[in-house]
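K.L.:
File name my_file_17.cif; file contents mmCIF, C-alpha atoms; full text below.
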data_model
loop_
_atom_site.group_PDB
_atom_site.id
_atom_site.type_symbol
_atom_site.label_atom_id
_atom_site.label_comp_id
_atom_site.auth_asym_id
_atom_site.auth_seq_id
_atom_site.Cartn_x
_atom_site.Cartn_y
_atom_site.Cartn_z
ATOM 1 C CA MET A 1 37.567 -45.435 65.341
ATOM 2 C CA PRO A 2 39.577 -43.253 62.940
ATOM 3 C CA ALA A 3 43.290 -43.667 63.528
ATOM 4 C CA THR A 4 44.908 -41.861 60.618
ATOM 5 C CA ALA A 5 43.840 -40.035 57.505
ATOM 6 C CA VAL A 6 45.105 -40.638 53.997
ATOM 7 C CA ASP A 7 44.084 -37.874 51.582
ATOM 8 C CA GLY A 8 41.246 -37.002 53.913
ATOM 9 C CA VAL A 9 40.031 -40.582 54.217
ATOM 10 C CA SER A 10 40.214 -42.325 57.572
ATOM 11 C CA GLU A 11 41.633 -45.695 58.504
ATOM 12 C CA GLY A 12 39.647 -47.953 60.776
ATOM 13 C CA VAL A 13 37.883 -51.233 61.302
ATOM 14 C CA ALA A 14 34.768 -51.815 59.221
ATOM 15 C CA SER A 15 31.759 -51.991 61.429
ATOM 16 C CA ALA A 16 28.112 -51.179 61.641
ATOM 17 C CA PRO A 17 27.047 -48.945 64.513
ATOM 18 C CA ALA A 18 25.932 -52.021 66.478
ATOM 19 C CA ALA A 19 29.429 -53.512 66.196
ATOM 20 C CA LEU A 20 31.310 -50.692 67.896
ATOM 21 C CA THR A 21 33.909 -51.766 70.420
ATOM 22 C CA VAL A 22 32.486 -51.471 73.913
ATOM 23 C CA ALA A 23 33.414 -52.953 77.259
ATOM 24 C CA GLY A 24 32.365 -56.587 77.322
ATOM 25 C CA SER A 25 32.194 -56.886 73.529
ATOM 26 C CA THR A 26 33.366 -59.997 71.716
ATOM 27 C CA GLU A 27 36.681 -58.297 70.979
ATOM 28 C CA SER A 28 37.568 -58.345 74.688
ATOM 29 C CA ARG A 29 36.731 -62.038 75.142
ATOM 30 C CA ALA A 30 39.530 -64.554 75.030
ATOM 31 C CA LYS A 31 39.761 -66.554 71.814
ATOM 32 C CA PRO A 32 40.358 -70.291 71.913
ATOM 33 C CA LYS A 33 44.080 -71.029 71.992
ATOM 34 C CA CYS A 34 43.968 -72.977 68.716
ATOM 35 C CA VAL A 35 42.471 -69.928 66.964
ATOM 36 C CA GLU A 36 45.085 -67.571 68.411
ATOM 37 C CA GLU A 37 47.962 -69.814 67.366
ATOM 38 C CA HIS A 38 46.886 -70.092 63.745
ATOM 39 C CA MET A 39 45.362 -66.719 63.001
ATOM 40 C CA GLN A 40 46.736 -63.223 63.334
ATOM 41 C CA GLN A 41 44.403 -60.773 65.072
ATOM 42 C CA THR A 42 43.628 -58.537 62.087
ATOM 43 C CA ALA A 43 44.339 -58.319 58.382
ATOM 44 C CA THR A 44 44.935 -54.957 56.748
ATOM 45 C CA VAL A 45 43.191 -54.297 53.447
ATOM 46 C CA LEU A 46 44.055 -51.245 51.365
ATOM 47 C CA VAL A 47 41.038 -49.931 49.442
ATOM 48 C CA TYR A 48 41.734 -47.547 46.552
ATOM 49 C CA SER A 49 38.992 -45.615 44.789
ATOM 50 C CA ASP A 50 38.417 -41.969 44.038
ATOM 51 C CA ASN A 51 34.726 -42.617 44.761
ATOM 52 C CA SER A 52 33.780 -42.703 48.443
ATOM 53 C CA THR A 53 30.605 -44.671 47.630
ATOM 54 C CA THR A 54 32.668 -47.437 46.014
ATOM 55 C CA ARG A 55 34.958 -47.566 49.053
ATOM 56 C CA GLU A 56 31.889 -47.813 51.286
ATOM 57 C CA GLN A 57 30.415 -50.653 49.167
ATOM 58 C CA ILE A 58 33.683 -52.557 49.535
ATOM 59 C CA ARG A 59 33.754 -52.066 53.314
ATOM 60 C CA LEU A 60 30.129 -53.133 53.674
ATOM 61 C CA ALA A 61 30.555 -56.181 51.409
ATOM 62 C CA THR A 62 33.540 -57.288 53.480
ATOM 63 C CA GLY A 63 32.005 -56.725 56.878
ATOM 64 C CA ARG A 64 34.175 -57.280 59.921
ATOM 65 C CA ARG A 65 35.475 -60.614 58.631
ATOM 66 C CA PRO A 66 34.925 -61.915 55.057
ATOM 67 C CA ALA A 67 35.015 -65.570 56.196
ATOM 68 C CA ALA A 68 35.161 -67.428 59.494
ATOM 69 C CA ASP A 69 38.670 -68.768 58.863
ATOM 70 C CA VAL A 70 40.336 -65.402 58.197
ATOM 71 C CA PRO A 71 41.088 -62.609 60.672
ATOM 72 C CA GLN A 72 39.001 -59.506 61.172
ATOM 73 C CA VAL A 73 39.747 -56.794 58.643
ATOM 74 C CA GLU A 74 41.036 -53.272 59.134
ATOM 75 C CA PHE A 75 40.814 -50.910 56.180
ATOM 76 C CA VAL A 76 43.220 -48.297 54.930
ATOM 77 C CA GLU A 77 41.368 -46.147 52.421
ATOM 78 C CA CYS A 78 43.146 -44.198 49.714
ATOM 79 C CA ALA A 79 41.662 -41.795 47.184
ATOM 80 C CA THR A 80 44.836 -41.058 45.174
ATOM 81 C CA LEU A 81 47.739 -42.974 43.649
ATOM 82 C CA PRO A 82 50.373 -41.184 45.795
ATOM 83 C CA ALA A 83 48.482 -42.262 48.928
ATOM 84 C CA VAL A 84 48.440 -45.896 47.709
ATOM 85 C CA LEU A 85 52.178 -45.846 47.047
ATOM 86 C CA ALA A 86 52.893 -44.250 50.441
ATOM 87 C CA GLU A 87 50.825 -46.872 52.295
ATOM 88 C CA LEU A 88 52.479 -49.745 50.427
ATOM 89 C CA GLU A 89 55.904 -48.290 51.178
ATOM 90 C CA ARG A 90 54.970 -48.104 54.868
ATOM 91 C CA GLY A 91 54.173 -51.845 54.759
ATOM 92 C CA GLY A 92 51.757 -54.023 56.656
ATOM 93 C CA ILE A 93 49.172 -54.334 53.879
ATOM 94 C CA ASP A 94 47.840 -57.885 53.437
ATOM 95 C CA VAL A 95 45.600 -57.359 50.371
ATOM 96 C CA CYS A 96 44.870 -54.434 48.036
ATOM 97 C CA VAL A 97 41.411 -53.797 46.604
ATOM 98 C CA LEU A 98 41.717 -51.453 43.632
ATOM 99 C CA ASP A 99 38.875 -49.772 41.736
ATOM 100 C CA GLY A 100 39.379 -50.373 38.031
ATOM 101 C CA GLU A 101 37.043 -47.450 37.310
ATOM 102 C CA ALA A 102 38.931 -44.883 39.434
ATOM 103 C CA VAL A 103 40.160 -41.673 37.814
ATOM 104 C CA PRO A 104 42.629 -40.278 36.978
ATOM 105 C CA ALA A 105 44.696 -43.356 37.890
ATOM 106 C CA GLY A 106 42.601 -46.459 37.228
ATOM 107 C CA GLY A 107 43.004 -49.533 39.388
ATOM 108 C CA MET A 108 44.274 -51.641 36.490
ATOM 109 C CA GLY A 109 47.173 -49.299 35.805
ATOM 110 C CA VAL A 110 47.844 -48.908 39.529
ATOM 111 C CA CYS A 111 47.900 -52.696 39.887
ATOM 112 C CA ARG A 112 50.410 -53.132 37.085
ATOM 113 C CA GLN A 113 52.563 -50.341 38.521
ATOM 114 C CA ILE A 114 52.655 -51.736 42.061
ATOM 115 C CA LYS A 115 53.349 -55.264 40.785
ATOM 116 C CA ASP A 116 56.419 -53.811 39.023
ATOM 117 C CA GLU A 117 57.562 -51.444 41.767
ATOM 118 C CA VAL A 118 56.625 -52.871 45.182
ATOM 119 C CA TYR A 119 58.761 -55.636 46.661
ATOM 120 C CA ASP A 120 56.606 -58.542 47.887
ATOM 121 C CA CYS A 121 53.506 -56.782 46.587
ATOM 122 C CA PRO A 122 50.322 -57.871 48.352
ATOM 123 C CA PRO A 123 47.747 -59.736 46.274
ATOM 124 C CA VAL A 124 45.296 -57.503 44.427
ATOM 125 C CA LEU A 125 41.528 -57.802 44.089
ATOM 126 C CA LEU A 126 40.420 -55.577 41.222
ATOM 127 C CA THR A 127 36.898 -54.255 40.777
ATOM 128 C CA ILE A 128 35.951 -53.967 37.106
ATOM 129 C CA GLY A 129 33.035 -52.280 35.381
ATOM 130 C CA ARG A 130 32.134 -55.120 33.002
ATOM 131 C CA PRO A 131 32.829 -58.853 32.876
ATOM 132 C CA GLN A 132 34.421 -58.254 29.454
ATOM 133 C CA ASP A 133 37.217 -56.331 31.221
ATOM 134 C CA ALA A 134 38.520 -59.506 32.880
ATOM 135 C CA TRP A 135 41.333 -59.717 30.318
ATOM 136 C CA LEU A 136 42.526 -56.290 31.485
ATOM 137 C CA ALA A 137 42.619 -57.574 35.051
ATOM 138 C CA THR A 138 44.855 -60.391 33.801
ATOM 139 C CA TRP A 139 47.058 -57.868 31.981
ATOM 140 C CA SER A 140 47.378 -55.831 35.174
ATOM 141 C CA ARG A 141 48.489 -58.993 37.061
ATOM 142 C CA ALA A 142 45.652 -58.865 39.597
ATOM 143 C CA GLU A 143 45.139 -62.130 41.458
ATOM 144 C CA ALA A 144 41.336 -61.756 41.378
ATOM 145 C CA ALA A 145 38.638 -59.538 39.871
ATOM 146 C CA VAL A 146 34.967 -58.894 40.608
ATOM 147 C CA THR A 147 32.488 -56.714 38.760
ATOM 148 C CA LEU A 148 30.880 -53.526 39.982
ATOM 149 C CA PRO A 149 28.494 -52.992 41.588
ATOM 150 C CA VAL A 150 29.950 -55.151 44.326
ATOM 151 C CA GLU A 151 27.997 -58.348 45.011
ATOM 152 C CA PRO A 152 28.734 -59.023 48.715
ATOM 153 C CA VAL A 153 28.936 -62.843 48.681
ATOM 154 C CA GLU A 154 31.171 -62.973 45.595
ATOM 155 C CA PHE A 155 33.349 -60.135 46.865
ATOM 156 C CA ALA A 156 33.790 -61.580 50.363
ATOM 157 C CA ALA A 157 34.686 -64.993 48.908
ATOM 158 C CA ALA A 158 37.308 -63.481 46.584
ATOM 159 C CA LEU A 159 38.819 -61.362 49.368
ATOM 160 C CA ALA A 160 38.857 -64.290 51.810
ATOM 161 C CA GLY A 161 40.672 -66.437 49.233
ATOM 162 C CA LEU A 162 43.394 -63.819 48.807
ATOM 163 C CA LEU A 163 43.729 -63.370 52.570
ATOM 164 C CA ARG A 164 44.067 -67.134 53.080
ATOM 165 C CA ALA A 165 46.792 -67.350 50.444
ATOM 166 C CA ARG A 166 48.696 -64.329 51.751
ATOM 167 C CA LEU A 167 48.497 -65.235 55.428
ATOM 168 C CA SER A 168 49.372 -68.906 54.882
ATOM 169 C CA VAL A 169 52.677 -67.801 53.380
ATOM 170 C CA GLY A 170 53.435 -66.015 56.642
ATOM 171 C CA THR A 171 53.926 -62.498 55.325
#
How would this structure read if it were set down as structure tokens?

P.N.:
Amino acid sequence: MPATAVDGVSEGVASAPAALTVAGSTESRAKPKCVEEHMQQTATVLVYSDNSTTREQIRLATGRRPAADVPQVEFVECATLPAVLAELERGGIDVCVLDGEAVPAGGMGVCRQIKDEVYDCPPVLLTIGRPQDAWLATWSRAEAAVTLPVEPVEFAAALAGLLRARLSVGT
């Protein structure tokens, strides 16, 4: 599945071993026309954290599709701020998930920076260490925030909401 590497981290579609693409899988079946017309095939989610375990938790909480009415998700994982900026400059990112506890560049500071510097910046879902840090998520201009450790239902709902908003605008 790996397509490219960003700071030694691969890009690919989130999947469990049982969901690998094989001949005759659901990915090769034709989708109903109404679904194809209203939904792009995949959404690209940038995941930034210096901690590979946190990135894995985010991928697992999202699954292949965070909600039935949003496209399947492909992940671009970044472990450093320069990698995040390079991926955003390349374009094609639908939502960013930033780890507020990352070091040395925390997700809150990264969020504020990209909101200032990136034209048509994708919406940001920020993971925060404590509920009391929600005000910092507001300061950073994140559209949504969830606490760590990631709670899968809450996380998937927040991500799906941002994907719906972003994709309904047509960007």

K.L.:
Name all residues at most 9 Å from stretch 45-50 of chain A (count all atoms listed in the file; drop same-chain ones fewer than 5 positions away) and give them as a ChimeraX atom specification.

P.N.:
/A:55,58-59,73-81,83-84,87-88,93-107

K.L.:
Pick out the closest residue to A:Val150 from this set: A:Gly92, A:Lys115, A:Ala68, A:Thr54. Count only C-alpha atoms.

P.N.:
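Going through A:Gly92, A:Lys115, A:Ala68, A:Thr54 one by one, the smallest distance to A:Val150 is for A:Thr54.
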
K.L.:
Report, as lines of an AutoDock Vina configuration file, the axis-aligned box around all atoms of stretch 102-110 of chain A present in the file, extended by 4 Å on each side; give centre and edge lengths in Å to one decimal place.

P.N.:
center_x = 43.4
center_y = -46.0
center_z = 37.7
size_x = 16.9
size_y = 19.4
size_z = 11.7

K.L.:
What lies within 9 Å of A:Ala158 using all atoms listed in the file, ignoring chain neighbours under 2 positions off, as an mmCIF file with C-alpha atoms, keeping the file's coordinate frame?

P.N.:
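result_16.cif, written as the output of this step:
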data_model
loop_
_atom_site.group_PDB
_atom_site.id
_atom_site.type_symbol
_atom_site.label_atom_id
_atom_site.label_comp_id
_atom_site.auth_asym_id
_atom_site.auth_seq_id
_atom_site.Cartn_x
_atom_site.Cartn_y
_atom_site.Cartn_z
ATOM 1 C CA PRO A 66 34.925 -61.915 55.057
ATOM 2 C CA LEU A 125 41.528 -57.802 44.089
ATOM 3 C CA ALA A 144 41.336 -61.756 41.378
ATOM 4 C CA ALA A 145 38.638 -59.538 39.871
ATOM 5 C CA VAL A 146 34.967 -58.894 40.608
ATOM 6 C CA VAL A 153 28.936 -62.843 48.681
ATOM 7 C CA GLU A 154 31.171 -62.973 45.595
ATOM 8 C CA PHE A 155 33.349 -60.135 46.865
ATOM 9 C CA ALA A 156 33.790 -61.580 50.363
ATOM 10 C CA ALA A 160 38.857 -64.290 51.810
ATOM 11 C CA GLY A 161 40.672 -66.437 49.233
ATOM 12 C CA LEU A 162 43.394 -63.819 48.807
ATOM 13 C CA LEU A 163 43.729 -63.370 52.570
#

K.L.:
Of the residues A:Ala134, A:Glu89, A:Thr44, A:Leu148, which is the one nearest to A:Gln57, using only C-alpha atoms?

P.N.:
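Looking only at the distances to A:Gln57, the closest residue turns out to be A:Leu148.
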
K.L.:
Would you kindly translate the PyMOL selection byres ((chain A and resi 129) around 6) into the concrete residues it picks from this file, as a list in words?

P.N.:
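When the PyMOL selection byres ((chain A and resi 129) around 6) is applied, the selected residues are Ile128, Arg130, Thr147 and Leu148 of chain A.
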
K.L.:
Go through A:Ser168, A:Leu126, A:Ala61, A:Ala43 and flag the residue nearest A:Pro152, using all atoms listed in the file for the distances.

P.N.:
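So, comparing all the options, the nearest one is A:Ala61.
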
K.L.:
Expressed in Å to a single decimal, how great is the separation between atom CA of A:Ala157 and atom CA of A:Thr138?

P.N.:
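Calculated distance between atom CA of A:Ala157 and atom CA of A:Thr138 is 18.8 Å.
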
K.L.:
Could you please determine the separation between atom CA of A:Val124 and atom CA of A:Glu143 in Å, to one decimal place?

P.N.:
5.5 Å

K.L.:
Report the distance between atom CA of A:Thr53 and atom CA of A:Cys121 in Å, rounded to one decimal place.

P.N.:
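Separation of atom CA of A:Thr53 and atom CA of A:Cys121: 25.9 Å.
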
K.L.:
Check the smallest atom-to-atom distance from each of A:Trp135, A:Asp69, A:Ala86, A:Asp120 to A:Arg164 using all atoms listed in the file, then report the winner.

P.N.:
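For A:Arg164, the nearest of the given residues is A:Asp69.
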